[in-house]
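Okay, data_2.cif now, which holds mmCIF, N, CA and C atoms and all ligand atoms:
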```cif
data_data
#
loop_
_atom_site.label_atom_id
_atom_site.label_comp_id
_atom_site.auth_asym_id
_atom_site.auth_seq_id
_atom_site.Cartn_x
_atom_site.Cartn_y
_atom_site.Cartn_z
N MET X 1 -2.69 -13.74 46.66
CA MET X 1 -2.07 -13.82 45.33
C MET X 1 -3.11 -13.49 44.26
N VAL X 2 -2.81 -12.46 43.49
CA VAL X 2 -3.73 -12.08 42.42
C VAL X 2 -3.19 -12.61 41.12
N GLU X 3 -4.00 -13.33 40.42
CA GLU X 3 -3.54 -13.88 39.14
C GLU X 3 -3.51 -12.82 38.06
N HIS X 4 -2.55 -13.00 37.18
CA HIS X 4 -2.45 -12.06 36.06
C HIS X 4 -3.54 -12.40 35.04
N VAL X 5 -4.27 -11.40 34.66
CA VAL X 5 -5.34 -11.59 33.69
C VAL X 5 -5.01 -10.80 32.43
N GLU X 6 -5.04 -11.46 31.31
CA GLU X 6 -4.82 -10.76 30.03
C GLU X 6 -6.07 -9.98 29.67
N ILE X 7 -5.90 -8.72 29.45
CA ILE X 7 -7.03 -7.93 28.97
C ILE X 7 -6.85 -7.74 27.47
N PRO X 8 -7.76 -8.32 26.68
CA PRO X 8 -7.58 -8.23 25.24
C PRO X 8 -7.71 -6.78 24.78
N GLU X 9 -6.90 -6.41 23.82
CA GLU X 9 -7.03 -5.06 23.27
C GLU X 9 -8.24 -5.02 22.37
N ILE X 10 -8.96 -3.97 22.47
CA ILE X 10 -10.18 -3.84 21.68
C ILE X 10 -9.93 -2.79 20.59
N SER X 11 -10.35 -3.13 19.38
CA SER X 11 -10.14 -2.20 18.27
C SER X 11 -11.06 -0.99 18.41
N ASP X 12 -10.72 0.09 17.71
CA ASP X 12 -11.61 1.25 17.69
C ASP X 12 -12.96 0.85 17.10
N TYR X 13 -12.91 -0.04 16.13
CA TYR X 13 -14.14 -0.54 15.49
C TYR X 13 -15.06 -1.17 16.53
N ALA X 14 -14.52 -2.06 17.34
CA ALA X 14 -15.33 -2.72 18.37
C ALA X 14 -15.75 -1.72 19.45
N ALA X 15 -14.82 -0.81 19.80
CA ALA X 15 -15.10 0.13 20.89
C ALA X 15 -16.31 1.01 20.60
N VAL X 16 -16.51 1.38 19.34
CA VAL X 16 -17.64 2.26 19.04
C VAL X 16 -18.94 1.51 18.77
N GLY X 17 -18.85 0.18 18.68
CA GLY X 17 -20.08 -0.59 18.49
C GLY X 17 -20.17 -1.34 17.18
N GLY X 18 -19.05 -1.40 16.44
CA GLY X 18 -18.99 -2.28 15.27
C GLY X 18 -19.82 -1.81 14.09
N ALA X 19 -20.22 -2.80 13.29
CA ALA X 19 -20.84 -2.53 11.98
C ALA X 19 -22.05 -1.60 12.06
N GLY X 20 -22.94 -1.84 13.00
CA GLY X 20 -24.16 -1.04 13.09
C GLY X 20 -23.85 0.41 13.37
N ALA X 21 -22.92 0.65 14.28
CA ALA X 21 -22.57 2.01 14.66
C ALA X 21 -21.91 2.74 13.49
N ILE X 22 -21.03 2.05 12.79
CA ILE X 22 -20.30 2.71 11.70
C ILE X 22 -21.23 2.99 10.53
N SER X 23 -22.14 2.08 10.27
CA SER X 23 -23.11 2.31 9.21
C SER X 23 -23.97 3.54 9.54
N SER X 24 -24.32 3.69 10.80
CA SER X 24 -25.12 4.83 11.23
C SER X 24 -24.32 6.14 11.13
N VAL X 25 -23.05 6.09 11.49
CA VAL X 25 -22.18 7.27 11.35
C VAL X 25 -22.09 7.68 9.87
N VAL X 26 -21.89 6.70 9.00
CA VAL X 26 -21.71 7.02 7.58
C VAL X 26 -23.02 7.53 6.97
N ASP X 27 -24.15 7.00 7.41
CA ASP X 27 -25.45 7.54 6.96
C ASP X 27 -25.57 9.02 7.29
N LEU X 28 -25.28 9.36 8.54
CA LEU X 28 -25.39 10.75 8.97
C LEU X 28 -24.37 11.62 8.23
N PHE X 29 -23.18 11.08 8.06
CA PHE X 29 -22.12 11.79 7.32
C PHE X 29 -22.61 12.20 5.93
N TYR X 30 -23.17 11.26 5.17
CA TYR X 30 -23.61 11.61 3.81
C TYR X 30 -24.87 12.46 3.82
N GLN X 31 -25.72 12.31 4.83
CA GLN X 31 -26.86 13.25 4.94
C GLN X 31 -26.33 14.68 5.03
N SER X 32 -25.30 14.88 5.84
CA SER X 32 -24.75 16.23 6.02
C SER X 32 -24.02 16.70 4.76
N VAL X 33 -23.25 15.79 4.14
CA VAL X 33 -22.52 16.18 2.93
C VAL X 33 -23.52 16.59 1.84
N LEU X 34 -24.60 15.82 1.69
CA LEU X 34 -25.57 16.09 0.62
C LEU X 34 -26.45 17.28 0.95
N ALA X 35 -26.48 17.71 2.21
CA ALA X 35 -27.23 18.90 2.60
C ALA X 35 -26.35 20.15 2.52
N ASP X 36 -25.09 19.97 2.15
CA ASP X 36 -24.16 21.10 2.11
C ASP X 36 -24.10 21.62 0.67
N PRO X 37 -24.59 22.83 0.44
CA PRO X 37 -24.65 23.36 -0.92
C PRO X 37 -23.29 23.42 -1.62
N GLN X 38 -22.21 23.52 -0.86
CA GLN X 38 -20.88 23.55 -1.47
C GLN X 38 -20.46 22.17 -2.00
N LEU X 39 -21.08 21.12 -1.48
CA LEU X 39 -20.61 19.77 -1.79
C LEU X 39 -21.58 18.95 -2.65
N VAL X 40 -22.87 19.22 -2.53
CA VAL X 40 -23.87 18.31 -3.11
C VAL X 40 -23.68 18.11 -4.62
N GLY X 41 -23.25 19.15 -5.32
CA GLY X 41 -23.11 19.06 -6.77
C GLY X 41 -22.13 17.98 -7.22
N TYR X 42 -21.13 17.71 -6.41
CA TYR X 42 -20.14 16.68 -6.77
C TYR X 42 -20.77 15.29 -6.88
N PHE X 43 -21.90 15.11 -6.18
CA PHE X 43 -22.47 13.76 -6.06
C PHE X 43 -23.66 13.53 -6.99
N ALA X 44 -23.85 14.47 -7.95
CA ALA X 44 -25.04 14.43 -8.81
C ALA X 44 -25.18 13.10 -9.55
N ASP X 45 -24.08 12.53 -9.99
CA ASP X 45 -24.16 11.31 -10.80
C ASP X 45 -23.69 10.07 -10.04
N THR X 46 -23.68 10.17 -8.72
CA THR X 46 -23.10 9.08 -7.93
C THR X 46 -24.16 8.08 -7.46
N ASP X 47 -23.83 6.82 -7.55
CA ASP X 47 -24.64 5.74 -6.97
C ASP X 47 -24.39 5.77 -5.46
N LEU X 48 -25.34 6.34 -4.73
CA LEU X 48 -25.11 6.60 -3.30
C LEU X 48 -25.04 5.32 -2.46
N ALA X 49 -25.76 4.30 -2.86
CA ALA X 49 -25.73 3.03 -2.11
C ALA X 49 -24.32 2.43 -2.18
N ARG X 50 -23.75 2.50 -3.37
CA ARG X 50 -22.40 1.96 -3.58
C ARG X 50 -21.38 2.79 -2.80
N LEU X 51 -21.55 4.13 -2.89
CA LEU X 51 -20.64 5.03 -2.19
C LEU X 51 -20.66 4.75 -0.68
N LYS X 52 -21.87 4.63 -0.12
CA LYS X 52 -21.97 4.38 1.33
C LYS X 52 -21.37 3.04 1.70
N ARG X 53 -21.63 2.03 0.87
CA ARG X 53 -21.08 0.70 1.17
C ARG X 53 -19.55 0.77 1.21
N HIS X 54 -18.97 1.46 0.25
CA HIS X 54 -17.52 1.54 0.21
C HIS X 54 -16.96 2.41 1.34
N GLN X 55 -17.69 3.48 1.67
CA GLN X 55 -17.20 4.34 2.75
C GLN X 55 -17.28 3.59 4.09
N VAL X 56 -18.33 2.80 4.30
CA VAL X 56 -18.43 2.00 5.52
C VAL X 56 -17.24 1.03 5.60
N GLN X 57 -16.92 0.41 4.46
CA GLN X 57 -15.78 -0.52 4.44
C GLN X 57 -14.48 0.20 4.80
N LEU X 58 -14.29 1.39 4.20
CA LEU X 58 -13.04 2.11 4.43
C LEU X 58 -12.91 2.55 5.90
N VAL X 59 -13.98 3.13 6.43
CA VAL X 59 -13.94 3.58 7.82
C VAL X 59 -13.75 2.38 8.76
N SER X 60 -14.44 1.28 8.47
CA SER X 60 -14.30 0.08 9.30
C SER X 60 -12.86 -0.42 9.28
N GLN X 61 -12.27 -0.41 8.09
CA GLN X 61 -10.89 -0.90 7.95
C GLN X 61 -9.92 -0.02 8.74
N VAL X 62 -10.04 1.30 8.61
CA VAL X 62 -9.08 2.16 9.33
C VAL X 62 -9.29 2.10 10.84
N MET X 63 -10.48 1.65 11.28
CA MET X 63 -10.73 1.51 12.71
C MET X 63 -10.38 0.11 13.23
N GLY X 64 -9.75 -0.67 12.39
CA GLY X 64 -9.28 -1.98 12.84
C GLY X 64 -10.34 -3.06 12.82
N GLY X 65 -11.39 -2.84 12.05
CA GLY X 65 -12.46 -3.84 11.97
C GLY X 65 -12.12 -4.98 11.02
N PRO X 66 -12.88 -6.06 11.08
CA PRO X 66 -12.64 -7.23 10.23
C PRO X 66 -13.30 -7.05 8.87
N VAL X 67 -12.97 -5.96 8.22
CA VAL X 67 -13.63 -5.56 6.97
C VAL X 67 -12.56 -5.00 6.05
N SER X 68 -12.66 -5.30 4.76
CA SER X 68 -11.68 -4.77 3.81
C SER X 68 -12.36 -3.83 2.82
N TYR X 69 -11.68 -2.76 2.52
CA TYR X 69 -12.16 -1.81 1.53
C TYR X 69 -12.10 -2.44 0.14
N GLU X 70 -13.22 -2.44 -0.55
CA GLU X 70 -13.28 -3.07 -1.88
C GLU X 70 -13.60 -2.07 -2.98
N GLY X 71 -13.56 -0.79 -2.66
CA GLY X 71 -13.86 0.22 -3.68
C GLY X 71 -12.67 0.54 -4.55
N ALA X 72 -12.87 1.55 -5.37
CA ALA X 72 -11.80 1.97 -6.29
C ALA X 72 -10.67 2.62 -5.51
N ASP X 73 -9.52 2.61 -6.12
CA ASP X 73 -8.39 3.38 -5.64
C ASP X 73 -8.87 4.83 -5.45
N LEU X 74 -8.51 5.45 -4.31
CA LEU X 74 -9.09 6.76 -3.99
C LEU X 74 -8.68 7.84 -4.98
N ALA X 75 -7.46 7.81 -5.46
CA ALA X 75 -7.02 8.81 -6.44
C ALA X 75 -7.86 8.68 -7.72
N GLN X 76 -8.12 7.45 -8.11
CA GLN X 76 -8.91 7.20 -9.31
C GLN X 76 -10.36 7.64 -9.12
N ALA X 77 -10.93 7.32 -7.96
CA ALA X 77 -12.35 7.65 -7.70
C ALA X 77 -12.59 9.15 -7.70
N HIS X 78 -11.57 9.94 -7.33
CA HIS X 78 -11.75 11.38 -7.21
C HIS X 78 -11.12 12.18 -8.35
N SER X 79 -10.50 11.50 -9.28
CA SER X 79 -9.75 12.23 -10.31
C SER X 79 -10.69 12.96 -11.26
N GLY X 80 -10.27 14.12 -11.72
CA GLY X 80 -11.05 14.89 -12.68
C GLY X 80 -12.27 15.58 -12.08
N ARG X 81 -12.41 15.57 -10.76
CA ARG X 81 -13.60 16.18 -10.14
C ARG X 81 -13.33 17.61 -9.67
N GLY X 82 -12.08 18.06 -9.74
CA GLY X 82 -11.77 19.43 -9.35
C GLY X 82 -12.03 19.74 -7.89
N ILE X 83 -11.77 18.78 -7.03
CA ILE X 83 -12.02 18.96 -5.59
C ILE X 83 -10.95 19.85 -4.97
N THR X 84 -11.40 20.87 -4.22
CA THR X 84 -10.46 21.82 -3.61
C THR X 84 -10.12 21.42 -2.17
N GLY X 85 -9.08 22.04 -1.65
CA GLY X 85 -8.72 21.83 -0.25
C GLY X 85 -9.86 22.25 0.68
N ALA X 86 -10.58 23.32 0.30
CA ALA X 86 -11.71 23.77 1.13
C ALA X 86 -12.83 22.73 1.15
N ASP X 87 -13.10 22.11 -0.02
CA ASP X 87 -14.11 21.03 -0.08
C ASP X 87 -13.68 19.89 0.85
N PHE X 88 -12.42 19.55 0.75
CA PHE X 88 -11.91 18.44 1.56
C PHE X 88 -12.10 18.74 3.05
N GLY X 89 -11.75 19.98 3.44
CA GLY X 89 -11.91 20.37 4.84
C GLY X 89 -13.36 20.26 5.30
N ARG X 90 -14.30 20.63 4.43
CA ARG X 90 -15.72 20.54 4.82
C ARG X 90 -16.15 19.09 4.98
N VAL X 91 -15.69 18.23 4.07
CA VAL X 91 -16.05 16.81 4.17
C VAL X 91 -15.52 16.23 5.50
N VAL X 92 -14.29 16.59 5.82
CA VAL X 92 -13.72 16.10 7.09
C VAL X 92 -14.55 16.64 8.27
N ASP X 93 -14.96 17.91 8.20
CA ASP X 93 -15.79 18.48 9.28
C ASP X 93 -17.10 17.71 9.45
N HIS X 94 -17.72 17.33 8.32
CA HIS X 94 -18.98 16.57 8.41
C HIS X 94 -18.73 15.19 9.02
N LEU X 95 -17.59 14.61 8.70
CA LEU X 95 -17.26 13.31 9.28
C LEU X 95 -17.06 13.41 10.79
N VAL X 96 -16.32 14.43 11.21
CA VAL X 96 -16.09 14.64 12.64
C VAL X 96 -17.42 14.85 13.36
N ALA X 97 -18.30 15.66 12.77
CA ALA X 97 -19.60 15.93 13.40
C ALA X 97 -20.42 14.65 13.52
N ALA X 98 -20.36 13.80 12.50
CA ALA X 98 -21.12 12.54 12.53
C ALA X 98 -20.57 11.60 13.61
N LEU X 99 -19.25 11.57 13.75
CA LEU X 99 -18.64 10.74 14.81
C LEU X 99 -19.03 11.29 16.18
N GLU X 100 -18.95 12.61 16.32
CA GLU X 100 -19.29 13.23 17.62
C GLU X 100 -20.75 13.02 17.97
N ALA X 101 -21.61 13.08 16.96
CA ALA X 101 -23.05 12.88 17.21
C ALA X 101 -23.34 11.46 17.71
N HIS X 102 -22.43 10.54 17.42
CA HIS X 102 -22.57 9.16 17.91
C HIS X 102 -21.73 8.92 19.16
N SER X 103 -21.30 10.01 19.79
CA SER X 103 -20.53 9.93 21.04
C SER X 103 -19.26 9.11 20.93
N VAL X 104 -18.66 9.13 19.75
CA VAL X 104 -17.36 8.46 19.59
C VAL X 104 -16.32 9.26 20.38
N PRO X 105 -15.52 8.61 21.20
CA PRO X 105 -14.53 9.33 22.00
C PRO X 105 -13.55 10.13 21.13
N ALA X 106 -13.15 11.29 21.66
CA ALA X 106 -12.31 12.21 20.89
C ALA X 106 -11.04 11.55 20.36
N GLU X 107 -10.42 10.69 21.16
CA GLU X 107 -9.14 10.12 20.69
C GLU X 107 -9.36 9.15 19.53
N ILE X 108 -10.50 8.51 19.49
CA ILE X 108 -10.82 7.63 18.35
C ILE X 108 -11.13 8.48 17.12
N THR X 109 -11.92 9.52 17.31
CA THR X 109 -12.23 10.44 16.21
C THR X 109 -10.94 10.98 15.61
N GLN X 110 -10.00 11.34 16.50
CA GLN X 110 -8.72 11.88 16.05
C GLN X 110 -7.97 10.87 15.19
N ARG X 111 -8.00 9.60 15.59
CA ARG X 111 -7.29 8.58 14.80
C ARG X 111 -7.95 8.39 13.43
N VAL X 112 -9.28 8.40 13.40
CA VAL X 112 -9.99 8.23 12.13
C VAL X 112 -9.66 9.40 11.20
N VAL X 113 -9.70 10.61 11.75
CA VAL X 113 -9.42 11.80 10.94
C VAL X 113 -7.97 11.79 10.45
N ALA X 114 -7.06 11.34 11.29
CA ALA X 114 -5.65 11.27 10.86
C ALA X 114 -5.51 10.28 9.71
N ALA X 115 -6.16 9.14 9.82
CA ALA X 115 -6.03 8.11 8.78
C ALA X 115 -6.68 8.57 7.47
N LEU X 116 -7.88 9.13 7.55
CA LEU X 116 -8.57 9.54 6.32
C LEU X 116 -8.01 10.86 5.79
N GLY X 117 -7.60 11.74 6.71
CA GLY X 117 -7.01 13.01 6.29
C GLY X 117 -5.76 12.81 5.46
N ALA X 118 -5.07 11.70 5.69
CA ALA X 118 -3.84 11.39 4.96
C ALA X 118 -4.10 11.11 3.48
N THR X 119 -5.38 10.97 3.11
CA THR X 119 -5.71 10.72 1.70
C THR X 119 -5.83 12.02 0.90
N GLN X 120 -5.65 13.15 1.57
CA GLN X 120 -5.90 14.45 0.93
C GLN X 120 -5.19 14.62 -0.42
N ASP X 121 -3.93 14.21 -0.48
CA ASP X 121 -3.18 14.41 -1.73
C ASP X 121 -3.74 13.59 -2.89
N ASP X 122 -4.45 12.51 -2.57
CA ASP X 122 -5.07 11.69 -3.62
C ASP X 122 -6.39 12.29 -4.09
N ILE X 123 -7.01 13.10 -3.25
CA ILE X 123 -8.40 13.53 -3.49
C ILE X 123 -8.48 14.97 -3.99
N VAL X 124 -7.63 15.83 -3.43
CA VAL X 124 -7.66 17.25 -3.80
C VAL X 124 -6.83 17.45 -5.06
N THR X 125 -7.50 17.93 -6.12
CA THR X 125 -6.79 18.11 -7.40
C THR X 125 -6.91 19.54 -7.92
N ALA X 126 -7.70 20.38 -7.23
CA ALA X 126 -7.86 21.77 -7.67
C ALA X 126 -7.17 22.70 -6.66
N PRO X 127 -6.72 23.86 -7.11
CA PRO X 127 -6.04 24.78 -6.20
C PRO X 127 -6.99 25.34 -5.13
C1 LIG P 201 -11.75 12.21 3.98
C2 LIG P 201 -11.90 12.45 2.69
C3 LIG P 201 -12.54 11.48 1.73
C4 LIG P 201 -12.60 10.12 1.76
C5 LIG P 201 -11.99 9.17 2.78
C6 LIG P 201 -13.37 9.71 0.60
C7 LIG P 201 -13.67 8.39 0.28
C8 LIG P 201 -14.41 7.99 -0.79
C9 LIG P 201 -14.75 6.62 -1.10
C10 LIG P 201 -14.35 5.42 -0.27
C11 LIG P 201 -15.47 6.63 -2.23
C12 LIG P 201 -16.07 5.40 -2.94
C13 LIG P 201 -15.24 4.96 -4.13
C14 LIG P 201 -15.91 3.78 -4.82
O1 LIG P 201 -17.12 3.57 -4.67
O2 LIG P 201 -15.21 3.02 -5.53
C15 LIG P 201 -15.59 8.00 -2.64
C16 LIG P 201 -16.28 8.42 -3.76
C17 LIG P 201 -16.57 9.73 -4.04
N1 LIG P 201 -16.09 10.83 -3.38
FE1 LIG P 201 -14.92 10.82 -1.79
N2 LIG P 201 -13.76 10.80 -0.10
C18 LIG P 201 -13.29 11.90 0.55
C19 LIG P 201 -13.44 13.22 0.18
C20 LIG P 201 -14.21 13.65 -0.86
C21 LIG P 201 -14.44 15.04 -1.21
C22 LIG P 201 -13.81 16.22 -0.49
C23 LIG P 201 -15.29 15.04 -2.27
C24 LIG P 201 -15.88 16.21 -3.00
C25 LIG P 201 -16.25 17.30 -2.41
C26 LIG P 201 -15.58 13.66 -2.61
C27 LIG P 201 -16.39 13.26 -3.63
C28 LIG P 201 -16.61 11.96 -3.99
C29 LIG P 201 -17.48 11.57 -5.08
C30 LIG P 201 -18.26 12.48 -6.02
C31 LIG P 201 -17.45 10.16 -5.12
C32 LIG P 201 -18.24 9.22 -6.05
C33 LIG P 201 -17.45 8.82 -7.23
C34 LIG P 201 -18.30 7.93 -8.12
O3 LIG P 201 -19.46 8.30 -8.38
O4 LIG P 201 -17.80 6.88 -8.52
N3 LIG P 201 -14.90 12.84 -1.74
N4 LIG P 201 -14.95 8.81 -1.76
#
```

Will you turn the file into structure tokens for me?
Ligand code: HEM
Amino acid sequence: MVEHVEIPEISDYAAVGGAGAISSVVDLFYQSVLADPQLVGYFADTDLARLKRHQVQLVSQVMGGPVSYEGADLAQAHSGRGITGADFGRVVDHLVAALEAHSVPAEITQRVVAALGATQDDIVTAP
């Protein structure tokens, strides 16, 4: 007789290694964004520590972590910046590369991209 054992479901947040892993992903993500000549100009006046803290919160939240996003409404944070669809695509590419560089499984990367990609209409304001 084999007893039934409950296997707890593990969040994507926990599966990739939690806070430390996500903080490392977001560090690499912004290193790449700021090294991209098409994107760096947007961040000229940005408090990068605050930006990273909020991005870590957002990514952690969409991955099911015990963390809440405390930054500005995304439409408000990006309004008036003239961000194009092409800029948005590059930012997403840098995020995917940072997740892949940390060996995050493809299906988790896909879920993160789906969740954050859904913000496009709030962020892209230029043709
Ligand atoms: C997946 C797409 C994106 C997500 C999830 C995202 C998320 C965020 C978050 C969470 C913040 C912090 C807001 C705060 O601190 O209150 C932020 C700020 C910012 N984002 Fe994005 N973003 C995305 C795409 C972009 C793109 C495509 C650009 C421009 C190329 C951009 C430029 C900025 C800038 C300049 C700030 C700083 C605003 C400030 O200084 O207050 N973002 N973004």

As a list in words, please: the residues near Tyr13 of chain X (cut-off 7 Å, all atoms listed in the file, same-chain neighbours under 3 positions excluded). Ile10, Val16, Gly17, Gly18, Ala19, Ser60, Val62, Met63, Gly64 and Gly65 of chain X

May I have the residues from that selection written out with N, CA and C atoms, as a short mmCIF file (atom, residue, chain, number, x, y, z; two decimals), in the coordinates of the input?
```
data_model
loop_
_atom_site.label_atom_id
_atom_site.label_comp_id
_atom_site.auth_asym_id
_atom_site.auth_seq_id
_atom_site.Cartn_x
_atom_site.Cartn_y
_atom_site.Cartn_z
N ILE X 10 -8.96 -3.97 22.47
CA ILE X 10 -10.18 -3.84 21.68
C ILE X 10 -9.93 -2.79 20.59
N VAL X 16 -16.51 1.38 19.34
CA VAL X 16 -17.64 2.26 19.04
C VAL X 16 -18.94 1.51 18.77
N GLY X 17 -18.85 0.18 18.68
CA GLY X 17 -20.08 -0.59 18.49
C GLY X 17 -20.17 -1.34 17.18
N GLY X 18 -19.05 -1.40 16.44
CA GLY X 18 -18.99 -2.28 15.27
C GLY X 18 -19.82 -1.81 14.09
N ALA X 19 -20.22 -2.80 13.29
CA ALA X 19 -20.84 -2.53 11.98
C ALA X 19 -22.05 -1.60 12.06
N SER X 60 -14.44 1.28 8.47
CA SER X 60 -14.30 0.08 9.30
C SER X 60 -12.86 -0.42 9.28
N VAL X 62 -10.04 1.30 8.61
CA VAL X 62 -9.08 2.16 9.33
C VAL X 62 -9.29 2.10 10.84
N MET X 63 -10.48 1.65 11.28
CA MET X 63 -10.73 1.51 12.71
C MET X 63 -10.38 0.11 13.23
N GLY X 64 -9.75 -0.67 12.39
CA GLY X 64 -9.28 -1.98 12.84
C GLY X 64 -10.34 -3.06 12.82
N GLY X 65 -11.39 -2.84 12.05
CA GLY X 65 -12.46 -3.84 11.97
C GLY X 65 -12.12 -4.98 11.02
#
```

All alpha helix (DSSP H) residues (DSSP, backbone) inside segment 24-63 of chain X, as a PyMOL selection string: chain X and resi 24-34+48-62

At a cut-off of 8 Å, using all atoms listed in the file, what residues contact Arg81 of chain X? Leave out same-chain residues fewer than 5 positions from it and give the result as a PyMOL selection string. chain X and resi 42+123-126

Could you turn the residues from that selection into a file that holds N, CA and C atoms, as a PDB file, in the coordinates of the input?
```
ATOM      1  N   TYR X  42     -21.130  17.710  -6.410  1.00  0.00           N
ATOM      2  CA  TYR X  42     -20.140  16.680  -6.770  1.00  0.00           C
ATOM      3  C   TYR X  42     -20.770  15.290  -6.880  1.00  0.00           C
ATOM      4  N   ILE X 123      -7.010  13.100  -3.250  1.00  0.00           N
ATOM      5  CA  ILE X 123      -8.400  13.530  -3.490  1.00  0.00           C
ATOM      6  C   ILE X 123      -8.480  14.970  -3.990  1.00  0.00           C
ATOM      7  N   VAL X 124      -7.630  15.830  -3.430  1.00  0.00           N
ATOM      8  CA  VAL X 124      -7.660  17.250  -3.800  1.00  0.00           C
ATOM      9  C   VAL X 124      -6.830  17.450  -5.060  1.00  0.00           C
ATOM     10  N   THR X 125      -7.500  17.930  -6.120  1.00  0.00           N
ATOM     11  CA  THR X 125      -6.790  18.110  -7.400  1.00  0.00           C
ATOM     12  C   THR X 125      -6.910  19.540  -7.920  1.00  0.00           C
ATOM     13  N   ALA X 126      -7.700  20.380  -7.230  1.00  0.00           N
ATOM     14  CA  ALA X 126      -7.860  21.770  -7.670  1.00  0.00           C
ATOM     15  C   ALA X 126      -7.170  22.700  -6.660  1.00  0.00           C
TER      16      ALA X 126
END
```

Residue contacts of segment 82-95 of chain X (8 Å, only C-alpha atoms) excluding same-chain residues fewer than 5 positions away, as a PyMOL selection string: chain X and resi 26+29+32-33+38-39+113+117+120+123-127

Considering only N, CA and C atoms and all ligand atoms, can you say which of X:Asp36, X:Leu51, X:Pro8, X:Ile22 comes closest to ligand LIG 201 (chain P)?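 Among X:Asp36, X:Leu51, X:Pro8, X:Ile22, it is X:Leu51 that comes nearest to ligand LIG 201 (chain P).
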
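Closest to ligand LIG 201 (chain P) among X:Val104, X:Leu28, X:Ala21, X:Leu74 is X:Leu74, based on all atoms listed in the file.
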
Nearest residue to ligand LIG 201 (chain P) out of X:Ala97, X:Val67, X:Ala72, X:Val5, using only C-alpha atoms and all ligand atoms?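 Ranking X:Ala97, X:Val67, X:Ala72, X:Val5 by distance to ligand LIG 201 (chain P), first place goes to X:Ala72.
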
X:Ala118, X:Ala15, X:Ala101, X:Val25 ranked by distance to ligand LIG 201 (chain P), top pick (using all atoms listed in the file):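 Distance minimum relative to ligand LIG 201 (chain P) lands on X:Ala118.
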
Rebuild segment 76-80 of chain X to all heavy atoms - output it as a JSON list (two decimals), keeping the file's coordinate frame, please.
```json
[["chain", "number", "residue", "atom", "x", "y", "z"],
["X", 76, "GLN", "N", -8.12, 7.45, -8.11],
["X", 76, "GLN", "CA", -8.91, 7.20, -9.31],
["X", 76, "GLN", "C", -10.36, 7.64, -9.12],
["X", 76, "GLN", "O", -10.95, 8.27, -10.00],
["X", 76, "GLN", "CB", -8.87, 5.69, -9.59],
["X", 76, "GLN", "CG", -8.75, 5.31, -11.04],
["X", 76, "GLN", "CD", -8.45, 3.81, -11.14],
["X", 76, "GLN", "OE1", -7.53, 3.31, -10.48],
["X", 76, "GLN", "NE2", -9.25, 3.10, -11.91],
["X", 77, "ALA", "N", -10.93, 7.32, -7.96],
["X", 77, "ALA", "CA", -12.35, 7.65, -7.70],
["X", 77, "ALA", "C", -12.59, 9.15, -7.70],
["X", 77, "ALA", "O", -13.68, 9.61, -8.01],
["X", 77, "ALA", "CB", -12.79, 7.05, -6.36],
["X", 78, "HIS", "N", -11.57, 9.94, -7.33],
["X", 78, "HIS", "CA", -11.75, 11.38, -7.21],
["X", 78, "HIS", "C", -11.12, 12.18, -8.35],
["X", 78, "HIS", "O", -11.21, 13.39, -8.37],
["X", 78, "HIS", "CB", -11.20, 11.86, -5.86],
["X", 78, "HIS", "CG", -11.93, 11.27, -4.68],
["X", 78, "HIS", "ND1", -11.58, 10.06, -4.13],
["X", 78, "HIS", "CD2", -13.02, 11.69, -3.99],
["X", 78, "HIS", "CE1", -12.40, 9.78, -3.13],
["X", 78, "HIS", "NE2", -13.29, 10.73, -3.02],
["X", 79, "SER", "N", -10.50, 11.50, -9.28],
["X", 79, "SER", "CA", -9.75, 12.23, -10.31],
["X", 79, "SER", "C", -10.69, 12.96, -11.26],
["X", 79, "SER", "O", -11.81, 12.50, -11.53],
["X", 79, "SER", "CB", -8.83, 11.28, -11.09],
["X", 79, "SER", "OG", -9.56, 10.62, -12.08],
["X", 80, "GLY", "N", -10.27, 14.12, -11.72],
["X", 80, "GLY", "CA", -11.05, 14.89, -12.68],
["X", 80, "GLY", "C", -12.27, 15.58, -12.08],
["X", 80, "GLY", "O", -13.09, 16.12, -12.80]]
```
